[in-house]
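What's in protein_29.txt: compact mmCIF, C-alpha atoms
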# COMPACT_ATOMS: atom_id res chain seq x y z
CA MET A 6 75.60 154.89 59.34
CA ARG A 7 75.86 151.13 59.80
CA PHE A 8 78.49 148.91 61.40
CA VAL A 9 79.40 146.10 59.00
CA GLU A 10 80.66 142.94 60.65
CA PRO A 11 82.92 140.77 58.43
CA LEU A 12 83.33 137.08 59.14
CA GLU A 13 85.53 134.66 57.16
CA GLY A 14 85.93 137.20 54.39
CA ARG A 15 82.19 137.69 53.92
CA THR A 16 79.92 140.46 55.10
CA LEU A 17 77.24 138.79 57.20
CA PHE A 18 75.66 141.46 59.38
CA SER A 19 75.17 145.20 59.18
CA TRP A 20 74.23 146.91 62.44
CA PRO A 21 72.62 150.37 62.45
CA SER A 22 73.81 153.26 64.58
CA ALA A 23 71.92 154.32 67.69
CA PRO A 24 69.65 156.11 68.32
CA PHE A 25 67.65 153.96 65.95
CA ALA A 26 65.66 155.25 63.02
CA ARG A 27 61.91 154.75 63.11
CA ALA A 28 62.08 151.69 60.85
CA GLU A 29 64.59 150.02 63.22
CA PHE A 30 63.16 151.08 66.58
CA ALA A 31 61.08 148.39 68.31
CA ALA A 32 60.47 149.65 71.86
CA THR A 33 61.79 151.33 74.98
CA ILE A 34 62.23 148.72 77.70
CA TYR A 35 60.93 149.73 81.12
CA VAL A 36 62.52 147.31 83.59
CA ASN A 37 60.81 146.47 86.88
CA PRO A 38 62.30 147.56 90.25
CA PHE A 39 64.46 144.41 90.20
CA GLY A 40 65.98 145.51 86.87
CA ASN A 41 64.33 142.77 84.82
CA ALA A 42 62.02 142.69 81.82
CA VAL A 43 60.55 140.19 79.36
CA LEU A 44 59.26 141.25 75.95
CA SER A 45 57.42 138.29 74.45
CA ASP A 46 56.53 137.60 70.83
CA GLN A 47 58.92 140.06 69.23
CA THR A 48 58.89 139.65 65.45
CA ILE A 49 61.36 139.75 62.59
CA SER A 50 58.86 140.09 59.75
CA HIS A 51 61.12 140.63 56.74
CA PRO A 52 64.66 139.58 55.73
CA GLY A 53 67.46 141.76 57.02
CA GLN A 54 65.30 143.46 59.65
CA THR A 55 66.89 144.97 62.78
CA ASN A 56 64.86 145.42 65.95
CA GLY A 57 66.41 148.13 68.14
CA TYR A 58 65.53 148.75 71.79
CA ASP A 59 66.30 151.51 74.28
CA VAL A 60 67.01 150.50 77.88
CA TYR A 61 68.23 152.29 81.00
CA PHE A 62 68.66 151.67 84.72
CA ASP A 63 68.46 153.97 87.72
CA ASP A 64 71.72 152.69 89.25
CA PRO A 65 75.15 151.49 88.05
CA GLY A 66 76.11 147.83 87.78
CA SER A 67 76.06 145.28 84.99
CA PHE A 68 73.36 143.43 83.12
CA ARG A 69 72.80 140.75 80.53
CA PHE A 70 70.17 140.03 77.96
CA GLU A 71 69.22 137.12 75.77
CA THR A 72 66.70 135.96 73.20
CA ARG A 73 64.71 132.74 73.25
CA GLY A 74 62.24 131.20 70.85
CA THR A 75 61.94 129.53 67.50
CA LEU A 76 63.96 132.16 65.62
CA ALA A 77 67.73 131.93 66.00
CA THR A 78 69.13 135.43 66.53
CA ARG A 79 72.23 137.50 67.14
CA VAL A 80 72.29 140.50 69.43
CA ALA A 81 74.33 143.69 69.79
CA PHE A 82 74.92 146.12 72.68
CA TYR A 83 75.39 149.89 72.45
CA PRO A 84 76.56 151.71 75.63
CA GLY A 85 75.29 154.97 74.13
CA ASP A 86 74.68 156.57 70.77
CA GLY A 87 76.75 155.37 67.83
CA GLN A 88 77.99 151.90 66.96
CA PRO A 89 77.67 148.65 68.95
CA THR A 90 80.61 147.67 71.14
CA ARG A 91 79.58 144.06 71.82
CA ILE A 92 78.07 141.54 69.42
CA SER A 93 77.11 137.99 70.31
CA ARG A 94 79.07 135.11 68.86
CA ARG A 95 77.67 133.39 65.81
CA GLY A 96 74.76 131.20 66.87
CA LEU A 97 74.39 132.73 70.36
CA GLY A 98 71.66 135.31 71.03
CA ALA A 99 72.98 136.47 74.42
CA LEU A 100 75.41 138.95 75.95
CA SER A 101 76.44 139.20 79.60
CA GLY A 102 78.55 141.43 81.84
CA LEU A 103 77.39 144.57 80.06
CA PRO A 104 78.47 147.68 81.97
CA VAL A 105 76.06 150.25 83.37
CA ASN A 106 78.74 152.78 84.25
CA ASP A 107 76.53 155.83 84.44
CA GLN A 108 73.13 155.38 86.01
CA LYS A 109 70.26 156.98 84.11
CA GLN A 110 72.25 156.59 80.86
CA MET A 111 70.24 155.56 77.82
CA MET A 112 71.72 152.45 76.24
CA HIS A 113 70.59 150.40 73.27
CA ILE A 114 70.37 146.78 72.19
CA ALA A 115 69.58 145.30 68.79
CA VAL A 116 68.39 141.93 67.51
CA GLN A 117 68.73 140.37 64.05
CA ALA A 118 67.96 136.92 62.69
CA LEU A 119 71.00 134.66 62.60
CA ASN A 120 70.08 133.78 59.02
CA PRO A 121 69.68 137.20 57.32
CA THR A 122 66.88 135.83 55.15
CA ALA A 123 64.92 134.26 58.03
CA THR A 124 61.80 135.61 59.70
CA GLY A 125 59.99 134.61 62.89
CA SER A 126 59.46 135.48 66.52
CA TYR A 127 61.51 135.52 69.72
CA ASP A 128 61.31 136.60 73.36
CA LEU A 129 63.74 139.23 74.64
CA ILE A 130 64.79 138.84 78.29
CA VAL A 131 66.71 141.47 80.27
CA HIS A 132 68.40 140.58 83.58
CA GLY A 133 69.46 143.95 84.88
CA VAL A 134 70.40 146.22 87.75
CA ALA A 135 67.97 146.29 90.66
CA GLN A 136 66.87 149.71 91.85
CA ALA A 137 68.95 150.62 94.90
CA VAL A 138 66.15 152.64 96.50
CA ILE A 139 62.63 151.24 96.61
CA ARG A 140 60.56 153.52 98.80
CA HIS A 141 58.24 151.60 101.11
CA MET A 142 55.00 153.54 101.28
CA ASN A 143 53.51 153.97 104.75
CA HIS A 144 49.90 154.51 105.66
CA ALA A 145 48.45 157.99 105.33
CA ARG A 146 46.27 159.39 108.11
CA THR A 147 43.18 157.71 106.69
CA PRO A 148 43.18 153.92 107.35
CA ASN A 149 44.11 151.80 104.31
CA TRP A 150 45.36 154.84 102.39
CA PHE A 151 48.94 155.34 101.19
CA TYR A 152 50.60 158.57 100.12
CA GLU A 153 53.97 159.73 98.80
CA LYS A 154 55.30 162.93 97.27
CA THR A 155 58.55 163.24 95.29
CA ASP A 156 59.88 164.24 91.87
CA ILE A 157 61.42 163.10 88.59
CA SER A 158 64.64 165.08 88.54
CA GLY A 159 66.13 164.33 85.12
CA SER A 160 66.09 162.35 81.91
CA ASN A 161 65.94 158.57 82.47
CA ASP A 162 65.20 159.06 86.17
CA ALA A 163 62.74 156.52 87.55
CA ASP A 164 61.29 155.98 91.04
CA ALA A 165 60.24 152.71 92.62
CA PHE A 166 57.75 152.21 95.46
CA SER A 167 56.35 149.27 97.39
CA PHE A 168 53.26 148.92 99.56
CA VAL A 169 51.56 146.07 101.41
CA THR A 170 47.81 145.68 101.04
CA PRO A 171 46.04 145.44 104.43
CA VAL A 172 42.84 144.10 102.83
CA ALA A 173 41.88 142.28 99.63
CA GLY A 174 39.68 143.73 96.93
CA SER A 175 39.69 146.47 94.32
CA TRP A 176 42.45 149.04 94.77
CA THR A 177 43.21 152.21 92.81
CA ILE A 178 46.52 154.01 92.36
CA TRP A 179 46.61 157.65 91.25
CA VAL A 180 49.79 159.48 90.21
CA VAL A 181 49.17 163.24 90.20
CA PRO A 182 51.87 165.33 88.45
CA ASP A 183 52.51 169.05 88.54
CA HIS A 184 51.71 171.17 85.49
CA GLN A 185 54.99 170.39 83.65
CA LEU A 186 55.41 166.64 84.20
CA ASP A 187 54.12 163.95 81.83
CA VAL A 188 54.19 161.11 84.33
CA THR A 189 54.09 157.40 83.48
CA MET A 190 53.38 154.42 85.72
CA GLN A 191 53.65 150.65 85.88
CA VAL A 192 52.30 148.37 88.61
CA TYR A 193 53.95 145.02 89.45
CA ASP A 194 53.06 142.03 91.59
CA SER A 195 55.34 140.72 94.32
CA ALA A 196 57.44 138.80 91.76
CA GLY A 197 57.92 141.87 89.56
CA ASN A 198 55.45 140.86 86.85
CA PRO A 199 53.54 143.81 85.37
CA ILE A 200 49.84 143.94 86.22
CA GLY A 201 49.37 147.58 85.20
CA GLY A 202 51.12 148.60 82.00
CA SER A 203 53.81 146.38 80.52
CA TYR A 204 57.58 146.22 80.12
CA SER A 205 57.31 148.21 76.90
CA THR A 206 54.12 150.25 77.42
CA PRO A 207 53.64 152.24 80.62
CA ILE A 208 50.33 153.72 81.70
CA ASN A 209 50.39 157.15 80.08
CA ASN A 210 46.93 158.19 78.96
CA GLY A 211 46.72 161.85 79.91
CA GLY A 212 49.86 163.71 78.89
CA VAL A 213 51.56 166.67 80.57
CA GLY A 214 49.97 167.67 83.86
CA PHE A 215 47.30 164.96 83.83
CA THR A 216 46.69 162.32 86.49
CA GLU A 217 47.40 158.69 85.60
CA SER A 218 45.51 155.91 87.36
CA TRP A 219 45.18 152.15 87.57
CA THR A 220 42.52 149.97 89.23
CA GLY A 221 42.82 146.24 89.90
CA THR A 222 41.98 143.45 92.31
CA LEU A 223 44.75 142.84 94.85
CA THR A 224 45.35 140.19 97.49
CA ALA A 225 45.55 141.02 101.19
CA ASN A 226 48.91 141.18 103.02
CA THR A 227 50.85 141.18 99.75
CA THR A 228 53.63 143.46 98.52
CA TYR A 229 53.11 145.30 95.25
CA TYR A 230 55.45 147.65 93.40
CA ILE A 231 55.04 150.84 91.40
CA ARG A 232 57.46 152.38 88.94
CA THR A 233 57.06 156.04 87.96
CA ASP A 234 58.91 157.94 85.28
CA GLY A 235 58.70 161.04 83.12
CA PHE A 236 57.78 160.40 79.50
CA GLY A 237 60.73 161.34 77.29
CA ASP A 238 62.70 164.12 78.99
CA SER A 239 59.77 165.30 81.11
CA THR A 240 60.60 166.27 84.71
CA GLY A 241 58.68 167.64 87.68
CA HIS A 242 57.03 166.85 91.01
CA TYR A 243 54.19 164.41 91.61
CA GLN A 244 52.12 162.73 94.30
CA ILE A 245 50.94 159.11 94.61
CA PHE A 246 47.66 158.14 96.26
CA ILE A 247 46.70 154.50 96.91
CA ARG A 248 43.46 153.35 98.51
CA PRO A 249 40.66 150.83 98.12
CA THR A 250 38.70 151.86 95.04
CA PRO A 251 36.19 154.56 96.04
CA THR A 252 32.52 153.99 95.36
CA ASP A 253 32.23 157.63 94.24
CA PRO A 254 35.10 158.26 91.75
CA ALA A 255 33.90 161.83 91.12
CA GLN A 256 34.41 162.69 94.79
CA HIS A 257 37.96 161.34 94.70
CA ALA A 258 38.68 163.25 91.49
CA ARG A 259 37.67 166.45 93.24
CA ARG A 260 40.09 165.58 96.05
CA HIS A 261 42.91 165.20 93.49
CA ARG A 262 42.14 168.56 91.92
CA HIS A 263 42.35 170.06 95.42
CA HIS A 264 45.81 168.53 95.97
CA ARG A 265 47.03 169.85 92.61
CA ARG A 266 46.05 173.41 93.47
CA ARG A 267 48.04 173.33 96.68

I need this file expressed as C-alpha cells, please.
Amino acid sequence: MRFVEPLEGRTLFSWPSAPFARAEFAATIYVNPFGNAVLSDQTISHPGQTNGYDVYFDDPGSFRFETRGTLATRVAFYPGDGQPTRISRRGLGALSGLPVNDQKQMMHIAVQALNPTATGSYDLIVHGVAQAVIRHMNHARTPNWFYEKTDISGSNDADAFSFVTPVAGSWTIWVVPDHQLDVTMQVYDSAGNPIGGSYSTPINNGGVGFTESWTGTLTANTTYYIRTDGFGDSTGHYQIFIRPTPTDPAQHARRHRHHRRR
C-alpha cells in the first residue's frame, strides 16, 4: 500500500508503507551513544525510487533528520508501521521535532528525489536522542584491562559503554555472548565517529553465540565508546573484555572459551 500525496491537483509523490519491501529498504540506522548518525553517499539510482530506513533510540525524546548533497530530496517520517505522518515541505529535505514517545520503538524514514525523474546522491544526517545511560567501564583486576557483564533484554534494546585508555597502542575489544544471543558491536571515538563498524553496518561476523571482536590503534588518556545490540530480535547475556592487544591471540581465545563455559 502506498500513500499518495496530492499537491495543486496533481499527484507528485507516492510513499510506500512501512516496514519497507526489499526494493525500498536501504539500511537500518545504528545511532551512536549521542543519538546521532551520518550515512554518506546514499544513492537514488533510478526515477521514482524510494530509500527507506529503520531507526530507533534507547530512550524517549525527539529527533530530527535532514539530507544534504547535490540531489534535492523530500523526506517522510513514520512513527511505526504503516503510512508516514510527517512529510517535508516541497523543496525542503528535513523534518524536526519528531517524537520518540516509546523508547526502543522501531520507526522509519524515507527519502525520494524532489524531481521524481531525477537521480543522484545525498547524505542522510540524524540528530537524535542521546542514550540516557552510558556505562563507564572500570578497570578489571588485571592492569589495563576492562570488563563488563550485562544483557540485551528485548527488541531494539541497545547498550552504550565508555572507557578511557591508560596507554596508547593497539587495543582489542571482545564481546562474548551466551548461546542464544547474536550480538553486534560498534566502536566510536570521543566525538562519536565510528571507528569499528559504521552507522549502517555493525560488527557482526559470527552469528548466534559467537564472539565479536575489533582491534585498532587508540590514543592514551582518551574516551572511547562502544554500542552493543542484538541482531534482529536476538536477546541474551554477554560480556565485554577490553585490553591491549595480546601477543598470543590463541591464549586469549582460550580464556574467552573458559568464560563462556562458566

Residues proximal to (56.3, 165.5, 96.6) were defined as those with any atom within 10 Å of that point in the file's coordinates, counting only C-alpha atoms. Which are they, as a short mmCIF file (atom, residue, chain, number, x, y, z; two decimals) with C-alpha atoms, keeping the file's coordinate frame?
data_model
loop_
_atom_site.label_atom_id
_atom_site.label_comp_id
_atom_site.auth_asym_id
_atom_site.auth_seq_id
_atom_site.Cartn_x
_atom_site.Cartn_y
_atom_site.Cartn_z
CA TYR A 152 50.60 158.57 100.12
CA GLU A 153 53.97 159.73 98.80
CA LYS A 154 55.30 162.93 97.27
CA THR A 155 58.55 163.24 95.29
CA ASP A 156 59.88 164.24 91.87
CA ILE A 157 61.42 163.10 88.59
CA VAL A 181 49.17 163.24 90.20
CA PRO A 182 51.87 165.33 88.45
CA ASP A 183 52.51 169.05 88.54
CA GLY A 241 58.68 167.64 87.68
CA HIS A 242 57.03 166.85 91.01
CA TYR A 243 54.19 164.41 91.61
CA GLN A 244 52.12 162.73 94.30
CA ILE A 245 50.94 159.11 94.61
#

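Using only C-alpha atoms, the nearest neighbour of A:Arg140 within the list A:Thr55, A:Ser167, A:Gln191, A:Asn198 is A:Ser167.
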
Residue neighbourhood stretch 116-121 of chain A, 9 Å, all atoms listed in the file, exclusion window fewer than 3 positions, as a CSV table (one decimal) with C-alpha atoms, in the coordinates of the input:
chain,number,residue,atom,x,y,z
A,17,LEU,CA,77.2,138.8,57.2
A,18,PHE,CA,75.7,141.5,59.4
A,20,TRP,CA,74.2,146.9,62.4
A,49,ILE,CA,61.4,139.8,62.6
A,52,PRO,CA,64.7,139.6,55.7
A,53,GLY,CA,67.5,141.8,57.0
A,54,GLN,CA,65.3,143.5,59.6
A,55,THR,CA,66.9,145.0,62.8
A,56,ASN,CA,64.9,145.4,66.0
A,57,GLY,CA,66.4,148.1,68.1
A,58,TYR,CA,65.5,148.8,71.8
A,72,THR,CA,66.7,136.0,73.2
A,76,LEU,CA,64.0,132.2,65.6
A,77,ALA,CA,67.7,131.9,66.0
A,78,THR,CA,69.1,135.4,66.5
A,79,ARG,CA,72.2,137.5,67.1
A,80,VAL,CA,72.3,140.5,69.4
A,81,ALA,CA,74.3,143.7,69.8
A,95,ARG,CA,77.7,133.4,65.8
A,96,GLY,CA,74.8,131.2,66.9
A,97,LEU,CA,74.4,132.7,70.4
A,98,GLY,CA,71.7,135.3,71.0
A,124,THR,CA,61.8,135.6,59.7
A,125,GLY,CA,60.0,134.6,62.9
A,129,LEU,CA,63.7,139.2,74.6

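In terms of minimum interatomic distance to A:Gly159, A:Gly237 ranks closest within A:Gly40, A:Pro249, A:Pro21, A:Gly237, counting only C-alpha atoms.
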
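Counting all atoms listed in the file and comparing A:Thr224, A:Thr206, A:Gln108, A:Thr189, the residue that lies closest to A:Val169 is A:Thr224.
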
Please supply stretch 105-118 of chain A, rebuilt with N, CA and C atoms, as a compact mmCIF listing (two decimals), in the frame of the given file.
# COMPACT_ATOMS: atom_id res chain seq x y z
N VAL A 105 76.90 149.07 83.15
CA VAL A 105 76.06 150.25 83.37
C VAL A 105 76.91 151.19 84.21
N ASN A 106 77.78 151.94 83.54
CA ASN A 106 78.74 152.78 84.25
C ASN A 106 78.13 154.06 84.79
N ASP A 107 77.16 154.57 84.07
CA ASP A 107 76.53 155.83 84.44
C ASP A 107 75.04 155.58 84.59
N GLN A 108 74.55 155.58 85.83
CA GLN A 108 73.13 155.38 86.01
C GLN A 108 72.34 156.45 85.27
N LYS A 109 71.15 156.09 84.86
CA LYS A 109 70.26 156.98 84.11
C LYS A 109 70.79 157.28 82.71
N GLN A 110 71.71 156.44 82.21
CA GLN A 110 72.25 156.59 80.86
C GLN A 110 71.45 155.73 79.90
N MET A 111 70.96 156.34 78.82
CA MET A 111 70.24 155.56 77.82
C MET A 111 71.21 154.70 77.04
N MET A 112 70.94 153.40 77.02
CA MET A 112 71.72 152.45 76.24
C MET A 112 70.80 151.81 75.22
N HIS A 113 71.38 150.96 74.35
CA HIS A 113 70.59 150.40 73.27
C HIS A 113 71.02 148.96 73.03
N ILE A 114 70.08 148.15 72.60
CA ILE A 114 70.37 146.78 72.19
C ILE A 114 69.64 146.52 70.88
N ALA A 115 70.16 145.59 70.10
CA ALA A 115 69.58 145.30 68.79
C ALA A 115 69.56 143.80 68.57
N VAL A 116 68.58 143.36 67.80
CA VAL A 116 68.39 141.93 67.51
C VAL A 116 68.21 141.76 66.01
N GLN A 117 68.91 140.77 65.44
CA GLN A 117 68.73 140.37 64.05
C GLN A 117 68.62 138.86 63.98
N ALA A 118 68.01 138.37 62.93
CA ALA A 118 67.96 136.92 62.69
C ALA A 118 69.36 136.41 62.36
